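Enquirer: So here's final.txt (compact mmCIF, C-alpha atoms and all ligand atoms).
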# COMPACT_ATOMS: atom_id res chain seq x y z
CA MET A 9 0.00 0.00 0.00
CA LEU A 10 1.44 3.37 -1.03
CA TYR A 11 -0.88 5.64 0.94
CA PRO A 12 0.82 5.59 4.40
CA ASP A 13 4.19 6.62 2.98
CA ILE A 14 2.65 9.22 0.68
CA PHE A 15 0.73 10.64 3.63
CA LYS A 16 3.97 11.06 5.61
CA LYS A 17 5.80 12.71 2.70
CA LEU A 18 3.01 15.13 1.86
CA GLU A 19 2.41 15.90 5.53
CA SER A 20 6.05 16.89 5.97
CA ALA A 21 5.91 19.17 2.90
CA ARG A 22 2.65 20.84 3.90
CA TRP A 23 2.57 24.62 4.10
CA SER A 24 0.29 26.70 6.25
CA MET A 25 -1.97 29.32 4.74
CA MET A 26 -1.68 31.42 7.90
CA HIS A 27 2.06 31.15 8.54
CA ASP A 28 3.80 30.41 5.22
CA ILE A 29 2.33 33.17 3.05
CA PRO A 30 3.89 36.59 3.72
CA TRP A 31 0.54 38.44 3.65
CA HIS A 32 2.13 41.54 5.23
CA GLN A 33 4.34 42.05 2.15
CA PHE A 34 1.36 42.89 -0.07
CA THR A 35 2.16 45.81 -2.38
CA ALA A 36 -0.97 47.27 -3.98
CA ALA A 37 0.96 49.21 -6.62
CA LYS A 38 2.34 45.94 -8.03
CA ILE A 39 -0.89 44.27 -9.04
CA SER A 40 -3.15 45.17 -11.99
CA GLU A 41 -6.87 44.66 -12.62
CA GLN A 42 -5.99 42.13 -15.33
CA GLN A 43 -3.86 40.14 -12.90
CA LEU A 44 -6.61 40.18 -10.25
CA TYR A 45 -9.12 38.93 -12.80
CA GLY A 46 -6.78 36.04 -13.60
CA ILE A 47 -6.52 35.14 -9.91
CA ARG A 48 -10.32 35.10 -9.71
CA MET A 49 -10.65 32.71 -12.68
CA ASN A 50 -7.79 30.55 -11.44
CA ALA A 51 -9.48 30.19 -8.04
CA ILE A 52 -12.63 28.89 -9.77
CA LEU A 53 -10.57 26.55 -11.94
CA GLU A 54 -8.85 25.04 -8.89
CA TRP A 55 -12.30 24.49 -7.34
CA SER A 56 -12.93 21.92 -10.11
CA ALA A 57 -10.88 19.45 -8.06
CA MET A 58 -14.26 18.73 -6.44
CA PRO A 59 -15.93 16.92 -9.39
CA THR A 60 -12.57 15.34 -10.22
CA ALA A 61 -12.26 13.87 -6.72
CA GLU A 62 -15.84 12.61 -7.03
CA MET A 63 -14.92 10.95 -10.32
CA PHE A 64 -11.78 9.36 -8.87
CA LEU A 65 -13.63 7.93 -5.88
CA ARG A 66 -16.47 6.59 -8.02
CA ASP A 67 -14.20 5.02 -10.66
CA ASN A 68 -11.72 3.55 -8.16
CA GLN A 69 -14.00 1.63 -5.84
CA HIS A 70 -11.76 -1.39 -6.41
CA ASP A 71 -8.70 0.53 -5.21
CA ALA A 72 -8.81 1.63 -1.56
CA ASP A 73 -5.13 2.64 -1.59
CA PHE A 74 -5.53 5.18 -4.40
CA ALA A 75 -8.91 6.38 -3.08
CA ALA A 76 -7.25 7.10 0.29
CA PHE A 77 -4.63 9.27 -1.45
CA ILE A 78 -7.42 11.22 -3.14
CA SER A 79 -8.42 12.50 0.33
CA ILE A 80 -5.07 14.34 0.48
CA TRP A 81 -5.12 15.42 -3.13
CA PHE A 82 -8.62 16.85 -2.80
CA PHE A 83 -7.69 18.70 0.39
CA GLU A 84 -4.62 20.26 -1.20
CA GLU A 85 -6.39 21.32 -4.41
CA GLN A 86 -9.24 22.93 -2.44
CA LYS A 87 -6.55 24.69 -0.42
CA HIS A 88 -5.09 26.08 -3.67
CA SER A 89 -8.44 27.56 -4.50
CA LEU A 90 -8.82 28.89 -0.98
CA ALA A 91 -5.37 30.54 -0.99
CA LEU A 92 -6.29 32.44 -4.16
CA LEU A 93 -9.71 33.34 -2.72
CA GLU A 94 -8.07 34.51 0.50
CA TYR A 95 -5.74 36.75 -1.49
CA LEU A 96 -8.73 38.36 -3.19
CA ARG A 97 -10.70 38.58 0.05
CA ARG A 98 -7.88 40.50 1.71
CA PHE A 99 -6.74 42.75 -1.11
CA ALA A 100 -9.44 42.94 -3.82
CA PRO A 101 -12.77 41.76 -2.36
CA HIS A 102 -14.72 42.90 -5.42
CA TYR A 103 -12.98 40.12 -7.38
CA VAL A 104 -14.03 37.29 -5.03
CA PRO A 105 -16.24 34.93 -7.07
CA CYS A 106 -19.69 34.17 -5.68
CA GLU A 107 -20.60 30.71 -4.42
CA LYS A 108 -22.72 30.13 -7.52
CA ASP A 109 -19.68 30.58 -9.77
CA LEU A 110 -17.74 28.06 -7.69
CA ALA A 111 -20.65 25.60 -7.63
CA LYS A 112 -20.95 25.70 -11.41
CA VAL A 113 -17.67 23.86 -11.99
CA ARG A 114 -19.04 20.96 -9.95
CA PHE A 115 -20.85 18.72 -12.40
CA THR A 116 -20.80 14.98 -12.98
CA PHE A 117 -18.07 13.55 -15.17
CA ASP A 118 -18.91 10.46 -17.20
CA PRO A 119 -17.29 7.26 -15.91
CA ALA A 120 -13.79 6.89 -17.36
CA PRO A 121 -11.18 4.09 -17.40
CA PRO A 122 -9.19 4.56 -14.13
CA LEU A 123 -5.75 4.06 -15.69
CA GLU A 124 -6.44 6.64 -18.37
CA SER A 125 -7.71 9.12 -15.77
CA LEU A 126 -4.59 8.48 -13.70
CA MET A 127 -2.29 9.27 -16.63
CA LEU A 128 -4.42 12.23 -17.67
CA HIS A 129 -4.09 13.79 -14.26
CA PHE A 130 -0.40 12.96 -14.03
CA CYS A 131 0.09 14.97 -17.23
CA GLY A 132 -2.27 17.65 -15.90
CA GLU A 133 -0.12 18.12 -12.79
CA ILE A 134 3.05 18.40 -14.87
CA ARG A 135 1.38 21.04 -17.00
CA LEU A 136 -0.03 22.95 -14.01
CA ASN A 137 3.40 23.00 -12.40
CA GLN A 138 4.72 24.81 -15.49
CA TRP A 139 1.69 27.09 -15.84
CA TYR A 140 2.13 28.24 -12.25
CA ARG A 141 5.88 28.77 -12.60
CA CYS A 142 5.15 30.88 -15.65
CA ALA A 143 2.35 32.75 -13.82
CA ARG A 144 4.72 33.46 -10.92
CA ASN A 145 7.18 35.07 -13.34
CA TRP A 146 4.45 37.14 -14.96
CA HIS A 147 3.05 38.41 -11.67
CA THR A 148 4.74 41.40 -10.14
CA GLU A 149 3.19 41.45 -6.67
CA PRO A 150 5.31 39.52 -4.09
CA VAL A 151 2.48 37.82 -2.15
CA ILE A 152 0.78 36.34 -5.20
CA GLN A 153 4.21 35.34 -6.56
CA HIS A 154 4.80 33.46 -3.33
CA ILE A 155 1.39 31.76 -3.58
CA TYR A 156 2.08 30.61 -7.15
CA THR A 157 5.42 29.17 -6.02
CA LEU A 158 3.66 27.15 -3.31
CA LEU A 159 1.03 25.96 -5.77
CA ALA A 160 3.58 25.00 -8.43
CA ASN A 161 5.54 22.93 -5.89
CA ASP A 162 2.37 21.16 -4.74
CA GLU A 163 1.42 20.31 -8.34
CA ALA A 164 4.88 18.82 -8.91
CA ARG A 165 4.48 16.71 -5.75
CA HIS A 166 1.06 15.53 -6.97
CA ALA A 167 2.63 14.45 -10.27
CA ARG A 168 5.24 12.45 -8.35
CA VAL A 169 2.53 10.65 -6.37
CA TYR A 170 0.52 9.83 -9.49
CA PHE A 171 3.77 8.50 -10.92
CA GLU A 172 4.07 6.08 -7.97
CA TYR A 173 0.57 4.79 -8.65
CA MET A 174 1.44 4.42 -12.33
CA LYS A 175 4.48 2.30 -11.41
CA ARG A 176 2.28 0.14 -9.22
CA ALA A 177 -0.26 -0.28 -12.07
CA LEU A 178 2.52 -1.48 -14.39
CA GLN A 179 3.64 -4.04 -11.84
CA LYS A 180 0.07 -5.36 -11.59
CA ASP A 181 -0.67 -5.58 -15.31
CA HIS A 182 2.10 -4.22 -17.49
CA ASP A 183 0.47 -4.33 -20.91
CA LYS A 184 -2.89 -2.95 -19.83
CA ALA A 185 -1.25 -0.04 -18.00
CA ALA A 186 1.31 0.63 -20.75
CA LEU A 187 -1.47 0.78 -23.35
CA ALA A 188 -3.46 3.26 -21.26
CA PHE A 189 -0.48 5.46 -20.38
CA SER A 190 0.89 5.60 -23.92
CA LYS A 191 -2.56 6.39 -25.34
CA ILE A 192 -3.01 9.40 -23.06
CA GLY A 193 0.66 10.37 -23.38
CA ILE A 194 0.21 10.69 -27.15
CA LEU A 195 -2.88 12.84 -26.67
CA MET A 196 -1.25 15.10 -24.08
CA THR A 197 1.93 15.73 -26.04
CA ASN A 198 0.28 16.29 -29.40
CA ALA A 199 1.22 19.85 -30.29
CA ARG A 200 -0.89 19.70 -33.46
CA LEU A 201 -4.09 19.78 -31.41
CA ASN A 202 -3.22 23.40 -30.85
CA LYS A 203 -4.88 23.90 -27.52
CA ALA A 204 -3.81 23.57 -23.93
CA MET A 205 -4.02 19.86 -23.27
CA HIS A 206 -5.14 19.80 -19.69
CA PRO A 207 -7.98 17.82 -18.04
CA THR A 208 -9.99 21.05 -17.60
CA ASN A 209 -10.10 21.38 -21.40
CA LEU A 210 -11.38 17.87 -22.13
CA HIS A 211 -14.97 16.77 -22.74
CA VAL A 212 -16.22 14.94 -19.67
CA ASN A 213 -20.01 14.74 -19.90
CA GLN A 214 -21.63 13.65 -23.14
CA SER A 215 -25.08 14.94 -22.17
CA LEU A 216 -23.71 18.50 -21.97
CA TYR A 217 -21.63 18.26 -25.18
CA PRO A 218 -20.16 20.45 -26.62
CA LYS A 219 -20.14 22.62 -23.50
CA ASP A 220 -18.94 19.83 -21.24
CA THR A 221 -15.44 20.84 -20.25
CA VAL A 222 -14.61 22.34 -16.86
CA ASN A 223 -13.37 25.38 -18.69
CA ASP A 224 -16.82 25.82 -20.28
CA GLN A 225 -18.32 26.20 -16.81
CA LEU A 226 -16.17 29.20 -15.92
CA PRO A 227 -17.98 32.57 -15.95
CA ASP A 228 -15.55 33.42 -18.77
CA PRO A 229 -14.62 30.33 -20.84
CA THR A 230 -12.34 32.45 -23.04
CA TRP A 231 -10.14 33.43 -20.11
CA LEU A 232 -7.78 30.42 -19.97
CA SER A 233 -6.50 30.64 -23.53
CA ARG A 234 -6.18 34.42 -23.23
CA TRP A 235 -4.30 34.07 -19.93
CA LEU A 236 -1.94 31.47 -21.39
CA ASN A 237 -1.31 33.04 -24.78
CA ASP A 238 -1.54 36.79 -24.23
CA GLU A 239 -0.94 37.35 -20.54
CA ILE A 240 1.44 34.89 -18.87
CA CYS A 241 2.77 34.02 -22.39
CA PHE A 242 3.00 30.27 -22.04
CA ASP A 243 4.95 29.92 -25.26
CA GLU A 244 6.92 27.23 -27.08
CA PRO A 245 9.81 26.91 -24.58
CA TRP A 246 7.30 26.42 -21.73
CA GLU A 247 5.29 23.97 -23.81
CA LYS A 248 8.50 22.01 -24.42
CA LYS A 249 9.07 21.71 -20.68
CA VAL A 250 5.65 20.06 -20.36
CA THR A 251 6.30 17.67 -23.25
CA HIS A 252 9.77 16.80 -21.98
CA GLY A 253 8.37 16.21 -18.50
CA ILE A 254 5.73 13.82 -19.80
CA LEU A 255 7.95 11.97 -22.29
CA GLY A 256 10.85 11.80 -19.83
CA SER A 257 8.63 10.27 -17.14
CA LEU A 258 7.14 7.80 -19.59
CA SER A 259 10.62 6.84 -20.81
CA ASN A 260 11.62 6.09 -17.25
CA LEU A 261 8.37 4.28 -16.48
CA LEU A 262 8.21 2.15 -19.64
CA MET A 263 12.01 1.65 -19.82
CA ASN A 264 12.25 3.11 -23.27
CA ARG A 265 13.47 6.32 -24.82
CA PHE A 266 10.72 8.60 -26.09
CA GLU A 267 12.23 11.73 -27.55
CA SER A 268 9.03 12.70 -29.32
CA MET A 269 5.34 11.97 -29.43
CA GLN A 270 6.00 9.97 -32.62
CA ALA A 271 8.38 7.64 -30.77
CA LEU A 272 5.68 7.00 -28.19
CA HIS A 273 3.22 6.35 -30.99
CA GLN A 274 5.57 3.74 -32.50
CA TYR A 275 6.00 2.08 -29.12
CA ARG A 276 2.24 1.85 -28.72
CA LYS A 277 1.73 0.35 -32.17
CA LEU A 278 4.26 -2.35 -31.34
CA LEU A 279 2.69 -2.96 -27.96
CA ILE A 280 -0.75 -3.45 -29.53
CA LYS A 281 0.75 -5.92 -31.99
CA ASN A 282 2.54 -7.83 -29.22
CA THR A 283 -0.51 -8.03 -26.98
CA GLU A 284 -2.60 -9.31 -29.89
CA GLN A 285 0.00 -11.97 -30.60
CA LYS A 286 0.04 -12.98 -26.93
CA LYS A 287 -3.76 -13.30 -26.99
CA GLU A 288 -3.63 -15.44 -30.12
CA ALA A 289 -1.02 -17.69 -28.52
CA VAL A 290 -3.30 -18.22 -25.50
CA TYR A 291 -6.64 -18.58 -27.29
CA GLY A 292 -5.41 -19.92 -30.60
FE FE B 301 -3.93 22.88 -7.73
FE FE B 302 -2.42 19.22 -8.25
As structure tokens, how would this structure be written, given the file I've shared?
Ligand SMILES: [Fe+2]
Ligand SMILES: [Fe+2]
Expert:
Amino acid sequence: MLYPDIFKKLESARWSMMHDIPWHQFTAAKISEQQLYGIRMNAILEWSAMPTAEMFLRDNQHDADFAAFISIWFFEEQKHSLALLEYLRRFAPHYVPCEKDLAKVRFTFDPAPPLESLMLHFCGEIRLNQWYRCARNWHTEPVIQHIYTLLANDEARHARVYFEYMKRALQKDHDKAALAFSKIGILMTNARLNKAMHPTNLHVNQSLYPKDTVNDQLPDPTWLSRWLNDEICFDEPWEKKVTHGILGSLSNLLMNRFESMQALHQYRKLLIKNTEQKKEAVYG
């Protein structure tokens, strides 16, 4: 069981909202209306950990170990939202979103294959880590810069924990896990899709299609791409860090060398062929 050790590690890295954020250093002249608006939207986006946690618990009823970890993950993601809300409450109360705006990002996700969700969120954490590093550099006000540093570090830790559960999944059933991880890895490193490949941008409820992404539930669904492209300027070099992070981790995990999405694609094609051959050998 991974949960007890993960609990210890995350407990020892935990920061306090009261004591580890230098609230007294706030400098009003160093924050703009545009930046405050971004903090507001980001707080709502982080609140979407709620439906994601509900999805994880529902789809992992067979896996008490992973479900136990989700209690920590959910707590920390809600804390991210709360830290951003607290910033607004203290320094720009007119930007605090109303409860209705927060509630709107909580909607039911369709059931999804657990291993694919695991990989999807592993990639999501890698991406968020880079988004928040980039946001920290773009921000000019020291308190919010500090908050984004804390958030970025938490997201990196979350990715490392998901990685541990991915390793465990490979030990249990290598081919099944490798197929799921490579499938999502290809999707999440496909630059040609030309949009931010993050779980909040994916369709998750067929009955609400096409407006069934978390991002669609934000009061301003256009904000995220504007924030990434025009404001924090999450450009090619940042995008490469995400891709390298995902491909590097998969290389390590699947004991292969994936320098590009195409290499991962080739690996997957071969894996499909091999698993089909194995099946034929067993069933004739
Ligand atoms: Fe977060
Ligand atoms: Fe996270």
Enquirer: Hey, which of A:Asn161, A:Thr148, A:Ser125, A:Asn198 ends up closest to ligand FE 302 (chain B)? Count all atoms listed in the file.
Expert: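 Of A:Asn161, A:Thr148, A:Ser125, A:Asn198, the one nearest ligand FE 302 (chain B) is A:Asn161, counting all atoms listed in the file.
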Enquirer: Using only C-alpha atoms and all ligand atoms, find each residue with an atom at most 12 Å away from ligand FE 301 (chain B) and format the answer as a PDB file with C-alpha atoms, in the coordinates of the input.
Expert:
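And here is the file that came out, part_28.pdb:
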ATOM      1  CA  ASN A  50      -7.790  30.550 -11.440  1.00  0.00           C
ATOM      2  CA  ALA A  51      -9.480  30.190  -8.040  1.00  0.00           C
ATOM      3  CA  ILE A  52     -12.630  28.890  -9.770  1.00  0.00           C
ATOM      4  CA  LEU A  53     -10.570  26.550 -11.940  1.00  0.00           C
ATOM      5  CA  GLU A  54      -8.850  25.040  -8.890  1.00  0.00           C
ATOM      6  CA  TRP A  55     -12.300  24.490  -7.340  1.00  0.00           C
ATOM      7  CA  SER A  56     -12.930  21.920 -10.110  1.00  0.00           C
ATOM      8  CA  ALA A  57     -10.880  19.450  -8.060  1.00  0.00           C
ATOM      9  CA  MET A  58     -14.260  18.730  -6.440  1.00  0.00           C
ATOM     10  CA  THR A  60     -12.570  15.340 -10.220  1.00  0.00           C
ATOM     11  CA  ILE A  80      -5.070  14.340   0.480  1.00  0.00           C
ATOM     12  CA  TRP A  81      -5.120  15.420  -3.130  1.00  0.00           C
ATOM     13  CA  PHE A  82      -8.620  16.850  -2.800  1.00  0.00           C
ATOM     14  CA  PHE A  83      -7.690  18.700   0.390  1.00  0.00           C
ATOM     15  CA  GLU A  84      -4.620  20.260  -1.200  1.00  0.00           C
ATOM     16  CA  GLU A  85      -6.390  21.320  -4.410  1.00  0.00           C
ATOM     17  CA  GLN A  86      -9.240  22.930  -2.440  1.00  0.00           C
ATOM     18  CA  LYS A  87      -6.550  24.690  -0.420  1.00  0.00           C
ATOM     19  CA  HIS A  88      -5.090  26.080  -3.670  1.00  0.00           C
ATOM     20  CA  SER A  89      -8.440  27.560  -4.500  1.00  0.00           C
ATOM     21  CA  LEU A  90      -8.820  28.890  -0.980  1.00  0.00           C
ATOM     22  CA  ALA A  91      -5.370  30.540  -0.990  1.00  0.00           C
ATOM     23  CA  LEU A  92      -6.290  32.440  -4.160  1.00  0.00           C
ATOM     24  CA  HIS A 129      -4.090  13.790 -14.260  1.00  0.00           C
ATOM     25  CA  GLY A 132      -2.270  17.650 -15.900  1.00  0.00           C
ATOM     26  CA  GLU A 133      -0.120  18.120 -12.790  1.00  0.00           C
ATOM     27  CA  ILE A 134       3.050  18.400 -14.870  1.00  0.00           C
ATOM     28  CA  ARG A 135       1.380  21.040 -17.000  1.00  0.00           C
ATOM     29  CA  LEU A 136      -0.030  22.950 -14.010  1.00  0.00           C
ATOM     30  CA  ASN A 137       3.400  23.000 -12.400  1.00  0.00           C
ATOM     31  CA  GLN A 138       4.720  24.810 -15.490  1.00  0.00           C
ATOM     32  CA  TRP A 139       1.690  27.090 -15.840  1.00  0.00           C
ATOM     33  CA  TYR A 140       2.130  28.240 -12.250  1.00  0.00           C
ATOM     34  CA  ILE A 155       1.390  31.760  -3.580  1.00  0.00           C
ATOM     35  CA  TYR A 156       2.080  30.610  -7.150  1.00  0.00           C
ATOM     36  CA  THR A 157       5.420  29.170  -6.020  1.00  0.00           C
ATOM     37  CA  LEU A 158       3.660  27.150  -3.310  1.00  0.00           C
ATOM     38  CA  LEU A 159       1.030  25.960  -5.770  1.00  0.00           C
ATOM     39  CA  ALA A 160       3.580  25.000  -8.430  1.00  0.00           C
ATOM     40  CA  ASN A 161       5.540  22.930  -5.890  1.00  0.00           C
ATOM     41  CA  ASP A 162       2.370  21.160  -4.740  1.00  0.00           C
ATOM     42  CA  GLU A 163       1.420  20.310  -8.340  1.00  0.00           C
ATOM     43  CA  ALA A 164       4.880  18.820  -8.910  1.00  0.00           C
ATOM     44  CA  ARG A 165       4.480  16.710  -5.750  1.00  0.00           C
ATOM     45  CA  HIS A 166       1.060  15.530  -6.970  1.00  0.00           C
ATOM     46  CA  ALA A 167       2.630  14.450 -10.270  1.00  0.00           C
ATOM     47  CA  THR A 208      -9.990  21.050 -17.600  1.00  0.00           C
TER      48      THR A 208
END
Enquirer: In Å to one decimal, how far is CA of Asp67 in chain A from CA of Ser190 in chain A?
Expert: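 Rounded to one decimal, the two atoms are 20.1 Å apart.
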Enquirer: Taking all atoms listed in the file into account, name the residue in A:Ile194, A:Ala143, A:Val250, A:Leu226 that is nearest to Pro105 in chain A.
Expert: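 The closest residue to Pro105 in chain A is A:Leu226.
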Enquirer: Using only C-alpha atoms and all ligand atoms, which residue out of A:Arg168, A:His252, A:Lys219, A:Lys17 lies closest to ligand FE 302 (chain B)?
Expert: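 Of A:Arg168, A:His252, A:Lys219, A:Lys17, the one nearest ligand FE 302 (chain B) is A:Arg168, counting only C-alpha atoms and all ligand atoms.
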Enquirer: Any idea what the distance is between CA of Asn282 in chain A and CA of Leu187 in chain A?
Expert: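 Interatomic distance, CA of Asn282 in chain A to CA of Leu187 in chain A: 11.2 Å.
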Enquirer: Give me, as a VMD selection string, all polymer residues having an atom no more than 12 Å from Arg176 in chain A, counting only C-alpha atoms and skipping those fewer than 3 positions away in the same chain.
Expert: chain A and resid 9 to 11 71 73 to 74 123 126 169 to 173 179 to 182 185 to 186 261
Enquirer: Report, in Å with one decimal, the straight-line distance from CA of Cys142 in chain A to CA of Glu244 in chain A.
Expert: 12.1 Å
Enquirer: Env of Ala36 in chain A: 9 Å cut, atoms = all atoms listed in the file, seq-sep filter 4 positions within chain, self excluded. Answer as a VMD selection string.
Expert: chain A and resid 40 99 149
Enquirer: Give me the residues near Pro227 in chain A as a PyMOL selection string, where near means some atom within 10 Å (using all atoms listed in the file) and where sequence neighbours in that chain fewer than 6 positions away do not count.
Expert: chain A and resi 49+52+105+108-110+112-113
Enquirer: Which one of A:Met196, A:Cys131, A:Ile254, A:Ala177 sits closest to ligand FE 302 (chain B) if you count all atoms listed in the file?
Expert: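 Looking at the shortest contact to ligand FE 302 (chain B), the residue is A:Cys131.
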Enquirer: When you look at Trp235 in chain A with a cut-off of 12 Å (counting only C-alpha atoms), what residues show up, excluding the ones that are within fewer than 4 positions of it in the same chain? I need them as a PyMOL selection string.
Expert: chain A and resi 42-50+139-140+142-143+146-147+204+228-231+239-243
Enquirer: Rank A:Val212, A:Leu128, A:Ala76, A:Ile280 by their smallest atom-to-atom distance to ligand FE 302 (chain B), using all atoms listed in the file, and report the top residue only.
Expert: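 Among the listed residues, the smallest separation from ligand FE 302 (chain B) belongs to A:Leu128.
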Enquirer: How big is the axis-aligned box around the listed atoms of range 16-21 of chain A once 5 Å is added on each side, and where is its centre? Give both in Å to one decimal, as JSON.
Expert:
{"center_x": 4.2, "center_y": 15.1, "center_z": 3.9, "size_x": 13.6, "size_y": 18.1, "size_z": 14.1}
Enquirer: When distances are computed from only C-alpha atoms and all ligand atoms, which of A:Leu258, A:Cys106, A:Ile78, A:Ala72 shows the smallest separation from ligand FE 302 (chain B)?
Expert: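 Answer, going by the shortest atom-to-atom distance: A:Ile78.
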Enquirer: Because the input lacks atoms here, generate N, CA, C and O atoms for range 142-155 of chain A and report them as a PDB file, keeping the file's coordinate frame.
Expert:
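To be explicit, this is the file written out as part_17.pdb:
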ATOM      1  N   CYS A 142       5.221  29.800 -14.666  1.00  0.00           N
ATOM      2  CA  CYS A 142       5.150  30.880 -15.650  1.00  0.00           C
ATOM      3  C   CYS A 142       4.314  32.038 -15.084  1.00  0.00           C
ATOM      4  O   CYS A 142       4.684  33.212 -15.223  1.00  0.00           O
ATOM      5  N   ALA A 143       3.212  31.713 -14.405  1.00  0.00           N
ATOM      6  CA  ALA A 143       2.350  32.750 -13.820  1.00  0.00           C
ATOM      7  C   ALA A 143       3.110  33.520 -12.734  1.00  0.00           C
ATOM      8  O   ALA A 143       2.972  34.742 -12.615  1.00  0.00           O
ATOM      9  N   ARG A 144       3.921  32.795 -11.974  1.00  0.00           N
ATOM     10  CA  ARG A 144       4.720  33.460 -10.920  1.00  0.00           C
ATOM     11  C   ARG A 144       5.663  34.496 -11.555  1.00  0.00           C
ATOM     12  O   ARG A 144       5.795  35.611 -11.067  1.00  0.00           O
ATOM     13  N   ASN A 145       6.262  34.133 -12.679  1.00  0.00           N
ATOM     14  CA  ASN A 145       7.180  35.070 -13.340  1.00  0.00           C
ATOM     15  C   ASN A 145       6.441  36.280 -13.911  1.00  0.00           C
ATOM     16  O   ASN A 145       6.983  37.377 -13.969  1.00  0.00           O
ATOM     17  N   TRP A 146       5.225  36.047 -14.360  1.00  0.00           N
ATOM     18  CA  TRP A 146       4.450  37.140 -14.960  1.00  0.00           C
ATOM     19  C   TRP A 146       3.943  38.114 -13.894  1.00  0.00           C
ATOM     20  O   TRP A 146       3.923  39.327 -14.100  1.00  0.00           O
ATOM     21  N   HIS A 147       3.561  37.545 -12.737  1.00  0.00           N
ATOM     22  CA  HIS A 147       3.050  38.410 -11.670  1.00  0.00           C
ATOM     23  C   HIS A 147       4.166  39.290 -11.132  1.00  0.00           C
ATOM     24  O   HIS A 147       5.348  38.924 -11.163  1.00  0.00           O
ATOM     25  N   THR A 148       3.757  40.430 -10.609  1.00  0.00           N
ATOM     26  CA  THR A 148       4.740  41.400 -10.140  1.00  0.00           C
ATOM     27  C   THR A 148       4.578  41.672  -8.644  1.00  0.00           C
ATOM     28  O   THR A 148       5.440  42.283  -8.023  1.00  0.00           O
ATOM     29  N   GLU A 149       3.484  41.177  -8.087  1.00  0.00           N
ATOM     30  CA  GLU A 149       3.190  41.450  -6.670  1.00  0.00           C
ATOM     31  C   GLU A 149       3.761  40.283  -5.840  1.00  0.00           C
ATOM     32  O   GLU A 149       3.481  39.117  -6.138  1.00  0.00           O
ATOM     33  N   PRO A 150       4.576  40.599  -4.791  1.00  0.00           N
ATOM     34  CA  PRO A 150       5.310  39.520  -4.090  1.00  0.00           C
ATOM     35  C   PRO A 150       4.432  38.456  -3.402  1.00  0.00           C
ATOM     36  O   PRO A 150       4.829  37.288  -3.382  1.00  0.00           O
ATOM     37  N   VAL A 151       3.282  38.831  -2.857  1.00  0.00           N
ATOM     38  CA  VAL A 151       2.480  37.820  -2.150  1.00  0.00           C
ATOM     39  C   VAL A 151       1.895  36.800  -3.125  1.00  0.00           C
ATOM     40  O   VAL A 151       1.968  35.583  -2.897  1.00  0.00           O
ATOM     41  N   ILE A 152       1.371  37.283  -4.237  1.00  0.00           N
ATOM     42  CA  ILE A 152       0.780  36.340  -5.200  1.00  0.00           C
ATOM     43  C   ILE A 152       1.901  35.521  -5.862  1.00  0.00           C
ATOM     44  O   ILE A 152       1.711  34.336  -6.173  1.00  0.00           O
ATOM     45  N   GLN A 153       3.070  36.121  -6.025  1.00  0.00           N
ATOM     46  CA  GLN A 153       4.210  35.340  -6.560  1.00  0.00           C
ATOM     47  C   GLN A 153       4.540  34.195  -5.621  1.00  0.00           C
ATOM     48  O   GLN A 153       4.772  33.067  -6.051  1.00  0.00           O
ATOM     49  N   HIS A 154       4.505  34.495  -4.330  1.00  0.00           N
ATOM     50  CA  HIS A 154       4.800  33.460  -3.330  1.00  0.00           C
ATOM     51  C   HIS A 154       3.734  32.357  -3.392  1.00  0.00           C
ATOM     52  O   HIS A 154       4.056  31.169  -3.336  1.00  0.00           O
ATOM     53  N   ILE A 155       2.478  32.753  -3.524  1.00  0.00           N
ATOM     54  CA  ILE A 155       1.390  31.760  -3.580  1.00  0.00           C
ATOM     55  C   ILE A 155       1.576  30.853  -4.800  1.00  0.00           C
ATOM     56  O   ILE A 155       1.467  29.631  -4.709  1.00  0.00           O
TER      57      ILE A 155
END
